[in-house]
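Engineer: Right, I'll just put the structure down here and ask away after.
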Number of protein chains: 2
Amino acid sequence: MNAQAQMNQQGKKPKTAITPTREENFPEWYQQVIKAADLAENAPVRGCMVIKPYGFALWENVQRALDDMIKEEDVQNAYFPLLIPLSFISREAEHVDGFAKECAVVTHHRLEKGPEGGLVPAAGAQLEEPFIIRPTSETIIGDSMAKWVQSYRDLPLKLNQWCNVMRWELRTRMFLRTSEFLWQEGHNAFATPEEANEDARKMLEVYQKLYRDWMAMPGIPGEKTADERFPGADHSYTYESMMQDGKALQACTSHNLGQNFSKSFGIQYQGEDGQTHHAYTTSWGLSTRSIGGLIMTHSDDDGLIMPPKVAPHQVAIIPVLRDDSGKATVIEFCRKLKESLKEKGVRAFLDESDARTPDKMWGSIKKGIPVRVEVGAREVEEGTVTWVRRDIGRDSKTSGTVDAFINEVPNLLAQVHQALYERAETFTRENVTDVSGLDEIKQFYAAGGFGFVRADKAVLDDPGLEAVQKEFSITSRCLPFEDDGQKVIIGKSY
Amino acid sequence: MNAQAQMNQQGKKPKTAITPTREENFPEWYQQVIKAADLAENAPVRGCMVIKPYGFALWENVQRALDDMIKEEDVQNAYFPLLIPLSFISREAEHVDGFAKECAVVTHHRLEKGPEGGLVPAAGAQLEEPFIIRPTSETIIGDSMAKWVQSYRDLPLKLNQWCNVMRWELRTRMFLRTSEFLWQEGHNAFATPEEANEDARKMLEVYQKLYRDWMAMPGIPGEKTADERFPGADHSYTYESMMQDGKALQACTSHNLGQNFSKSFGIQYQGEDGQTHHAYTTSWGLSTRSIGGLIMTHSDDDGLIMPPKVAPHQVAIIPVLRDDSGKATVIEFCRKLKESLKEKGVRAFLDESDARTPDKMWGSIKKGIPVRVEVGAREVEEGTVTWVRRDIGRDSKTSGTVDAFINEVPNLLAQVHQALYERAETFTRENVTDVSGLDEIKQFYAAGGFGFVRADKAVLDDPGLEAVQKEFSITSRCLPFEDDGQKVIIGKSY
């Protein structure tokens, strides 16, 4: 249910912890959710962000889960240089067109005192060949692959790296589009086109699994249309996730690069037939952008809602202190509870700060901690606690013994995950509208239509499409696998 | 025992898997060990390296162990921008002097086609204020700390990031000195000078623990002398590890920065006294350099020797195949063995490649896998296996039942760890020579003395020291804690 629906149902504007609400101003609400949860902030470097500890802990959990999955696919981690020679980036024609316009260029290797006293790049330290900071690493990894691949026995070669990349963006937004971002990029070489395509498809499934099972995020898997493909790819596969404002987030991509890079970089092998062949390569990546998607999928007007499996804190323990008299006993009780949860593998956070009790409660709400448990002096006496699910709120308030709570936590977390996924999945399904052709697309968006439309893919050949796309700032998102490539999903996007 | 001593004892030059030997040419031996173990290679970007999967798996194990230890100290991971504005780096006078001469400078944010057809930095895309790629992050993190620290309640603030940094080095060597390297950098703010110093000392102990318990590397912990301090630190603490050629490797550092950065960046807090105070900060780091140290500490003329706790593969399973007849049975047996070891938490590697058996054995030796187990057709019949310790070689050859081997593996790994540590510790101890003063230092190195000398710290005030240091390329390594700062260790270094 979106904010609009909630408001209508309740018949009045609810009081919210986040101002503005989603309904009032979605982009500003997004920034405020990040701020209220203390996930990140804008850096003093244009277009860059600082990922604060709570935001980074979330990313680490995503990383850990995905890294395990990648390794299960027999992919090996490695590390390649940050800087890419200009001559490398130039070799693949489409690739350079895609990235030359937005890259950070390193031209000097020393600073010196300038005429006005400040530091300036040293004139005598200009590089003969400038470098760019990697926007992606197909070229520099392609160069290594060309050395490492000699025989069919060296294939498949499956590599991945976790790193920072840089794309000089004009309009930036935390997590969603920043000049520097963190990601993993897989780069792989195969002997046959079939294996390469299988790998690109398989890794998209791995991403889907991460989104579905860890981040509770549904989406529409499919192939990118030609105009939306990665520069240098034959086929780009994507998972398009619908945000609560009806826009699409390209949540990850997986590319079948065919022989484009193997030909540019000379990735060749001697086959069992004794002949020399060019390999077939793939690349696939998932970035900190996924965190932006998570926020826009699950959060509400009271702030973030963390999917339990990647939540840095799964349970918030709030000591309810009326005065200082019972404080020591309550805190002692809370610490024991935290310890018991830890033993069960539950990540619990005990708020021992000096803050007022209501501020602690709102703090845990705004940080999106899936389950909140309250412990006051009376509860300690009775050996009971009260717990609340973040996604439901006060209607889920339950009391019980400490043991009952501890036993219930795994179920509670699983229920929150399931509920978040189902809510988002229903929302996506309800907001994809089938249309017959370009006229209906136009009518739909002209009337303020919400979400995606699905049309026959023939619409892609309609000469009027471009004008309509421009008018409504919509693009083709993907050809969904479930429609066997016969339909196209169109919508606004991040 | 160094290569020289080994050769003397055996009375003849041994046949070795690595050419040249340590004795013949230590620097070249080092490069060849890295190559033979397939750890890394030079990148096409000047001064940079590609960390190959086997080398990166080693680094990941080091990372994982250290990250857990850092988190146990209540330090939180975060991420700060790669690029640092020139105005930031200029603020701390000593700091800028230390780093301005060796930094990569970003001056443009777009490429365009140049007059000769190739790509050049776009004239219209010059940055108003250039950025440098972080050589270390005291300044950019200091800027955030100044915002985040307001009250004594915000202290201590303990942050860490895992990232890449760049220092434009003239003479580079894989792992030991590369223009780009990977590390973690901890940055922390405290209310009092005592807490800051305690943190700097404590974290050096954490590093020592990592080196001792995980990497089997001894060293001499102590304080850096004034001329060797980090630019901007009041006190720098270090762990100086002796390599097999008698040179020192500064294996990590931990700095008490006093109020130097808090004053430059305005990291201030309101104390319980209601007054405004500058915080006291620390920083501490450990990098991929540690891998270079590990190689030069443990390896021999047959290649790498991996300390078991960080070894990507702890046991190498070598199928001994005389012909194709028994192959399936042997491989089946090996796979089961691998599975059994995995269940016991042992990282086993089964070499199923097409290589010849002797090449597989030498492969596992050159990769330094701590324990090798050989399985042939006869062994399968008898249900026995034969195992060998990498650090001892054929003299450790033992046969027994599969169950006996599986039960023995944890002991074997612990023994290898212990033996590696003790060998290196004895080597270090035996190669620190006490000297009375500058004359003896001079005599020692003029006579080709090996290792470190330890002198009364008064020698640091001797006006003749500088000339002697220059003559023999020696520097003061540290004032060891065990001598209460009264002695100084001097030696050659990496």
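If you're wondering about the labels, chains in the structure tokens are A, B, ... by order shown, residues count from 1 in each chain, ligands from 1 in order shown.
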What are the residues of chain B that have an atom within 8 Å of an atom of chain A, counting only C-alpha atoms, as a PyMOL selection string?
Structural biologist: chain B and resi 43+45+48-53+55-57+76-87+90+100-112+118-121+130+159+163+168+180
Engineer: Grab the residues selected above and save them as a CSV table (one decimal), in the first residue's frame with N, CA and C atoms.
Structural biologist:
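Just written: again-v6.csv:
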chain,number,residue,atom,x,y,z
B,43,ALA,N,51.3,-4.9,-13.3
B,43,ALA,CA,50.2,-4.4,-14.2
B,43,ALA,C,50.8,-3.6,-15.3
B,45,VAL,N,49.9,-0.8,-15.8
B,45,VAL,CA,49.9,0.6,-15.2
B,45,VAL,C,51.2,0.7,-14.4
B,48,CYS,N,52.0,-0.4,-10.6
B,48,CYS,CA,50.8,-1.1,-10.0
B,48,CYS,C,50.9,-2.6,-10.3
B,49,MET,N,50.1,-3.3,-9.5
B,49,MET,CA,50.2,-4.8,-9.6
B,49,MET,C,48.8,-5.3,-9.8
B,50,VAL,N,48.7,-6.5,-10.4
B,50,VAL,CA,47.5,-7.3,-10.4
B,50,VAL,C,47.6,-8.4,-9.4
B,51,ILE,N,46.7,-8.4,-8.4
B,51,ILE,CA,46.7,-9.5,-7.4
B,51,ILE,C,45.9,-10.6,-8.0
B,52,LYS,N,46.5,-11.7,-8.3
B,52,LYS,CA,45.9,-12.9,-8.9
B,52,LYS,C,45.1,-13.7,-7.8
B,53,PRO,N,44.2,-14.5,-8.3
B,53,PRO,CA,43.3,-15.2,-7.3
B,53,PRO,C,43.9,-15.8,-6.1
B,55,GLY,N,46.8,-15.1,-4.7
B,55,GLY,CA,47.3,-14.0,-3.8
B,55,GLY,C,46.2,-13.3,-3.1
B,56,PHE,N,45.1,-13.1,-3.9
B,56,PHE,CA,44.0,-12.4,-3.3
B,56,PHE,C,43.3,-13.2,-2.2
B,57,ALA,N,43.2,-14.5,-2.4
B,57,ALA,CA,42.6,-15.4,-1.4
B,57,ALA,C,43.4,-15.3,-0.1
B,76,GLN,N,34.0,0.7,14.1
B,76,GLN,CA,32.9,0.5,13.1
B,76,GLN,C,33.5,0.8,11.7
B,77,ASN,N,33.2,-0.1,10.7
B,77,ASN,CA,33.6,0.2,9.4
B,77,ASN,C,32.8,1.2,8.7
B,78,ALA,N,33.3,2.0,7.8
B,78,ALA,CA,32.6,3.0,7.1
B,78,ALA,C,33.4,3.2,5.8
B,79,TYR,N,32.9,4.1,4.9
B,79,TYR,CA,33.6,4.4,3.7
B,79,TYR,C,33.6,5.9,3.3
B,80,PHE,N,34.8,6.4,3.0
B,80,PHE,CA,35.0,7.8,2.7
B,80,PHE,C,35.5,7.9,1.3
B,81,PRO,N,35.3,9.1,0.7
B,81,PRO,CA,35.7,9.3,-0.8
B,81,PRO,C,37.1,9.0,-1.1
B,82,LEU,N,37.3,8.5,-2.3
B,82,LEU,CA,38.6,8.2,-2.9
B,82,LEU,C,39.4,9.5,-3.1
B,83,LEU,N,38.7,10.6,-3.6
B,83,LEU,CA,39.3,11.8,-4.0
B,83,LEU,C,39.3,12.8,-2.8
B,84,ILE,N,40.4,13.5,-2.7
B,84,ILE,CA,40.6,14.5,-1.6
B,84,ILE,C,40.9,15.9,-2.2
B,85,PRO,N,40.1,16.9,-1.8
B,85,PRO,CA,40.4,18.2,-2.4
B,85,PRO,C,41.7,18.7,-1.9
B,86,LEU,N,42.4,19.4,-2.8
B,86,LEU,CA,43.7,19.9,-2.5
B,86,LEU,C,43.7,20.8,-1.2
B,87,SER,N,42.6,21.5,-1.0
B,87,SER,CA,42.6,22.4,0.2
B,87,SER,C,42.6,21.5,1.5
B,90,SER,N,46.3,20.3,2.2
B,90,SER,CA,47.2,21.4,2.6
B,90,SER,C,47.1,21.8,4.1
B,100,ALA,N,52.7,15.4,-0.7
B,100,ALA,CA,52.4,16.1,-1.9
B,100,ALA,C,53.3,15.6,-3.1
B,101,LYS,N,54.5,15.1,-2.7
B,101,LYS,CA,55.5,14.7,-3.7
B,101,LYS,C,55.1,13.4,-4.4
B,102,GLU,N,54.2,12.7,-4.0
B,102,GLU,CA,54.0,11.4,-4.6
B,102,GLU,C,52.5,11.1,-4.7
B,103,CYS,N,51.7,12.0,-5.2
B,103,CYS,CA,50.3,11.7,-5.3
B,103,CYS,C,49.8,11.9,-6.7
B,104,ALA,N,48.7,11.1,-7.0
B,104,ALA,CA,48.1,11.1,-8.4
B,104,ALA,C,47.1,12.3,-8.3
B,105,VAL,N,47.1,13.1,-9.3
B,105,VAL,CA,46.3,14.3,-9.3
B,105,VAL,C,45.2,14.2,-10.4
B,106,VAL,N,44.0,14.4,-10.1
B,106,VAL,CA,42.9,14.4,-11.0
B,106,VAL,C,42.6,15.8,-11.4
B,107,THR,N,42.7,16.1,-12.7
B,107,THR,CA,42.5,17.5,-13.1
B,107,THR,C,41.3,17.7,-14.1
B,108,HIS,N,40.8,16.6,-14.7
B,108,HIS,CA,39.7,16.7,-15.7
B,108,HIS,C,38.7,15.7,-15.4
B,109,HIS,N,37.4,16.0,-15.9
B,109,HIS,CA,36.4,15.0,-15.7
B,109,HIS,C,35.8,14.5,-17.0
B,110,ARG,N,36.5,14.7,-18.1
B,110,ARG,CA,36.0,14.2,-19.4
B,110,ARG,C,37.1,14.0,-20.4
B,111,LEU,N,36.9,13.1,-21.3
B,111,LEU,CA,37.9,12.9,-22.4
B,111,LEU,C,37.3,13.4,-23.7
B,112,GLU,N,38.1,13.7,-24.6
B,112,GLU,CA,37.5,14.0,-26.0
B,112,GLU,C,38.6,13.6,-27.0
B,118,GLY,N,43.5,10.3,-31.1
B,118,GLY,CA,43.4,9.6,-29.8
B,118,GLY,C,42.6,10.4,-28.8
B,119,LEU,N,42.4,9.9,-27.6
B,119,LEU,CA,41.7,10.6,-26.6
B,119,LEU,C,42.6,11.5,-25.8
B,120,VAL,N,42.1,12.6,-25.4
B,120,VAL,CA,42.9,13.6,-24.6
B,120,VAL,C,41.9,14.1,-23.5
B,121,PRO,N,42.4,14.6,-22.4
B,121,PRO,CA,41.5,15.3,-21.4
B,121,PRO,C,40.9,16.5,-22.1
B,130,PRO,N,41.6,20.8,-8.4
B,130,PRO,CA,41.9,19.4,-8.6
B,130,PRO,C,41.8,18.6,-7.4
B,159,LEU,N,36.5,4.5,13.9
B,159,LEU,CA,36.1,4.2,12.5
B,159,LEU,C,37.3,3.5,11.8
B,163,CYS,N,40.2,-0.1,1.9
B,163,CYS,CA,40.2,0.6,0.7
B,163,CYS,C,41.5,0.5,-0.1
B,168,TRP,N,52.5,7.7,-5.4
B,168,TRP,CA,53.3,7.6,-6.7
B,168,TRP,C,54.7,7.2,-6.4
B,180,GLU,N,49.6,1.8,-6.2
B,180,GLU,CA,48.3,1.6,-5.6
B,180,GLU,C,48.5,0.4,-4.6
Engineer: What are the closest atom pairs, with distances in Å to one decimal, for all residues of range 373-446 of chain B lying within 12 Å of range 237-249 of chain B? Consider only C-alpha atoms, order rows by chain and residue number, and present the result as a tab-separated table.
Structural biologist:
residue	atom	partner	partner_atom	distance
B:Tyr421	CA	B:Ser241	CA	11.9
B:Arg423	CA	B:Gln244	CA	10.7
B:Ala424	CA	B:Met242	CA	8.3
B:Glu425	CA	B:Met242	CA	9.1
B:Thr426	CA	B:Met242	CA	10.8
B:Phe427	CA	B:Gln244	CA	8.0
B:Thr428	CA	B:Met242	CA	6.0
B:Arg429	CA	B:Met242	CA	9.5
B:Glu430	CA	B:Gly246	CA	10.6
B:Asn431	CA	B:Gly246	CA	7.4
B:Val432	CA	B:Gly246	CA	9.3
B:Thr433	CA	B:Gly246	CA	11.6
B:Tyr445	CA	B:Gly246	CA	11.8
Engineer: Please run DSSP on the backbone and report, as a ChimeraX atom specification, all residues within range 261-375 of chain B that come out as strand (DSSP E).
Structural biologist: /B:268-270,276-278,280-287,315-320,348-350,371-375
Engineer: Which parts of range 118-340 of chain A does DSSP call alpha helix (DSSP H) when run on the backbone here, written out as a PyMOL selection string?
Structural biologist: chain A and resi 138-148+193-209+260-265+289-298+327-340
Engineer: Produce a file of the selected residues containing C-alpha atoms, as an mmCIF file, in the first residue's frame.
Structural biologist:
data_model
loop_
_atom_site.group_PDB
_atom_site.id
_atom_site.type_symbol
_atom_site.label_atom_id
_atom_site.label_comp_id
_atom_site.auth_asym_id
_atom_site.auth_seq_id
_atom_site.Cartn_x
_atom_site.Cartn_y
_atom_site.Cartn_z
ATOM 1 C CA GLU A 138 36.458 -4.738 -18.876
ATOM 2 C CA THR A 139 39.520 -3.222 -20.533
ATOM 3 C CA ILE A 140 42.149 -3.629 -17.825
ATOM 4 C CA ILE A 141 40.935 -7.130 -16.965
ATOM 5 C CA GLY A 142 40.692 -7.972 -20.665
ATOM 6 C CA ASP A 143 44.384 -7.144 -20.959
ATOM 7 C CA SER A 144 45.235 -9.647 -18.200
ATOM 8 C CA MET A 145 42.914 -12.274 -19.614
ATOM 9 C CA ALA A 146 44.735 -12.052 -22.925
ATOM 10 C CA LYS A 147 47.907 -13.109 -21.079
ATOM 11 C CA TRP A 148 46.319 -15.740 -18.875
ATOM 12 C CA PRO A 193 29.011 -18.497 -27.076
ATOM 13 C CA GLU A 194 26.573 -20.865 -25.347
ATOM 14 C CA GLU A 195 28.642 -21.019 -22.166
ATOM 15 C CA ALA A 196 29.028 -17.242 -22.114
ATOM 16 C CA ASN A 197 25.313 -16.675 -22.448
ATOM 17 C CA GLU A 198 24.562 -19.328 -19.864
ATOM 18 C CA ASP A 199 26.925 -17.578 -17.453
ATOM 19 C CA ALA A 200 25.330 -14.162 -18.017
ATOM 20 C CA ARG A 201 21.862 -15.648 -17.422
ATOM 21 C CA LYS A 202 22.990 -17.738 -14.458
ATOM 22 C CA MET A 203 24.559 -14.759 -12.685
ATOM 23 C CA LEU A 204 21.390 -12.730 -13.150
ATOM 24 C CA GLU A 205 19.640 -15.563 -11.316
ATOM 25 C CA VAL A 206 22.221 -15.320 -8.536
ATOM 26 C CA TYR A 207 21.437 -11.608 -8.215
ATOM 27 C CA GLN A 208 17.710 -12.349 -8.211
ATOM 28 C CA LYS A 209 18.259 -14.812 -5.405
ATOM 29 C CA ASN A 260 33.738 -7.734 -28.721
ATOM 30 C CA PHE A 261 36.301 -7.454 -25.923
ATOM 31 C CA SER A 262 38.158 -10.656 -26.755
ATOM 32 C CA LYS A 263 38.780 -9.237 -30.230
ATOM 33 C CA SER A 264 39.804 -5.802 -28.931
ATOM 34 C CA PHE A 265 42.162 -7.266 -26.335
ATOM 35 C CA ARG A 289 22.901 1.353 -5.774
ATOM 36 C CA SER A 290 21.160 -1.745 -4.445
ATOM 37 C CA ILE A 291 21.030 -0.024 -1.043
ATOM 38 C CA GLY A 292 19.136 2.895 -2.589
ATOM 39 C CA GLY A 293 16.710 0.374 -4.073
ATOM 40 C CA LEU A 294 16.244 -1.336 -0.727
ATOM 41 C CA ILE A 295 15.409 1.997 0.905
ATOM 42 C CA MET A 296 12.887 3.010 -1.766
ATOM 43 C CA THR A 297 11.262 -0.425 -1.806
ATOM 44 C CA HIS A 298 10.619 -0.975 1.892
ATOM 45 C CA LYS A 327 17.960 1.395 36.005
ATOM 46 C CA ALA A 328 20.735 -1.055 36.943
ATOM 47 C CA THR A 329 18.318 -4.015 37.120
ATOM 48 C CA VAL A 330 16.692 -3.196 33.789
ATOM 49 C CA ILE A 331 20.021 -2.716 32.027
ATOM 50 C CA GLU A 332 21.338 -5.963 33.500
ATOM 51 C CA PHE A 333 18.223 -7.764 32.261
ATOM 52 C CA CYS A 334 18.619 -6.212 28.796
ATOM 53 C CA ARG A 335 22.261 -7.247 28.551
ATOM 54 C CA LYS A 336 21.358 -10.829 29.368
ATOM 55 C CA LEU A 337 18.641 -10.744 26.742
ATOM 56 C CA LYS A 338 21.130 -9.406 24.193
ATOM 57 C CA GLU A 339 23.553 -12.192 25.073
ATOM 58 C CA SER A 340 20.844 -14.858 24.727
#
Engineer: Find the residues near Ala446 in chain A: any atom within 9 Å, counting only C-alpha atoms, skip ones fewer than 4 places away on the same chain, and give them as a list of chain:residue names.
Structural biologist: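 Near Ala446 in chain A, the qualifying residues are A:Ile441, A:Lys442, A:Phe472.
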Engineer: Output N, CA and C atoms for every residue in that selection, as a CSV table (one decimal), in the first residue's frame.
Structural biologist:
chain,number,residue,atom,x,y,z
A,441,ILE,N,0.1,3.9,-24.5
A,441,ILE,CA,1.2,4.3,-23.7
A,441,ILE,C,1.1,5.8,-23.4
A,442,LYS,N,0.9,6.5,-24.5
A,442,LYS,CA,0.8,7.9,-24.4
A,442,LYS,C,-0.4,8.3,-23.5
A,472,PHE,N,7.5,11.9,-21.9
A,472,PHE,CA,7.1,11.5,-20.5
A,472,PHE,C,8.3,11.0,-19.7
Engineer: Would you kindly return, as a list of chain:residue names, each protein, DNA or RNA residue with an atom no farther than 8 Å from any atom of range 273-281 of chain A, considering only C-alpha atoms and excluding same-chain residues fewer than 6 positions away?
Structural biologist: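 Everything that qualifies: A:His187, A:Asn188, A:Ala189, A:Phe190, A:Ala191, A:Thr192, A:Pro193, A:Ala196, A:Asn256, A:Leu257, A:Gly258, A:Gln259, A:Phe261, A:Ser262, A:Lys263, A:Gly266, A:Ile267.
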Engineer: Could you dump the residues just selected with N, CA and C atoms as a CSV table (one decimal), in the first residue's frame?
Structural biologist:
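The new file result.csv reads:
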chain,number,residue,atom,x,y,z
A,187,HIS,N,34.1,-10.8,-14.2
A,187,HIS,CA,34.6,-10.8,-15.6
A,187,HIS,C,35.1,-12.2,-15.9
A,188,ASN,N,34.5,-12.8,-17.0
A,188,ASN,CA,34.7,-14.2,-17.3
A,188,ASN,C,34.9,-14.5,-18.8
A,189,ALA,N,35.7,-15.5,-19.0
A,189,ALA,CA,35.9,-15.9,-20.4
A,189,ALA,C,35.6,-17.3,-20.6
A,190,PHE,N,35.0,-17.6,-21.8
A,190,PHE,CA,34.5,-19.0,-22.1
A,190,PHE,C,34.9,-19.4,-23.5
A,191,ALA,N,34.9,-20.7,-23.8
A,191,ALA,CA,35.3,-21.1,-25.1
A,191,ALA,C,34.2,-21.0,-26.1
A,192,THR,N,32.9,-21.1,-25.7
A,192,THR,CA,31.8,-21.1,-26.6
A,192,THR,C,30.8,-20.0,-26.3
A,193,PRO,N,30.0,-19.5,-27.3
A,193,PRO,CA,29.0,-18.5,-27.1
A,193,PRO,C,27.9,-19.0,-26.1
A,196,ALA,N,29.0,-18.7,-22.5
A,196,ALA,CA,29.0,-17.2,-22.1
A,196,ALA,C,27.6,-16.8,-21.8
A,256,ASN,N,26.4,-10.4,-21.7
A,256,ASN,CA,27.1,-11.3,-22.6
A,256,ASN,C,27.8,-10.4,-23.6
A,257,LEU,N,29.1,-10.3,-23.5
A,257,LEU,CA,29.9,-9.4,-24.4
A,257,LEU,C,30.3,-10.0,-25.7
A,258,GLY,N,29.9,-11.2,-25.9
A,258,GLY,CA,30.3,-11.9,-27.2
A,258,GLY,C,31.8,-11.9,-27.4
A,259,GLN,N,32.2,-11.6,-28.6
A,259,GLN,CA,33.7,-11.5,-28.8
A,259,GLN,C,34.2,-10.1,-28.9
A,261,PHE,N,35.1,-7.8,-26.7
A,261,PHE,CA,36.3,-7.5,-25.9
A,261,PHE,C,37.4,-8.4,-26.2
A,262,SER,N,37.1,-9.7,-26.5
A,262,SER,CA,38.2,-10.7,-26.8
A,262,SER,C,38.9,-10.3,-28.1
A,263,LYS,N,38.1,-9.7,-29.0
A,263,LYS,CA,38.8,-9.2,-30.2
A,263,LYS,C,39.6,-8.0,-30.0
A,266,GLY,N,42.5,-9.3,-27.7
A,266,GLY,CA,43.3,-10.4,-28.0
A,266,GLY,C,43.2,-11.6,-27.0
A,267,ILE,N,42.0,-11.8,-26.5
A,267,ILE,CA,41.8,-13.0,-25.6
A,267,ILE,C,41.5,-14.2,-26.5
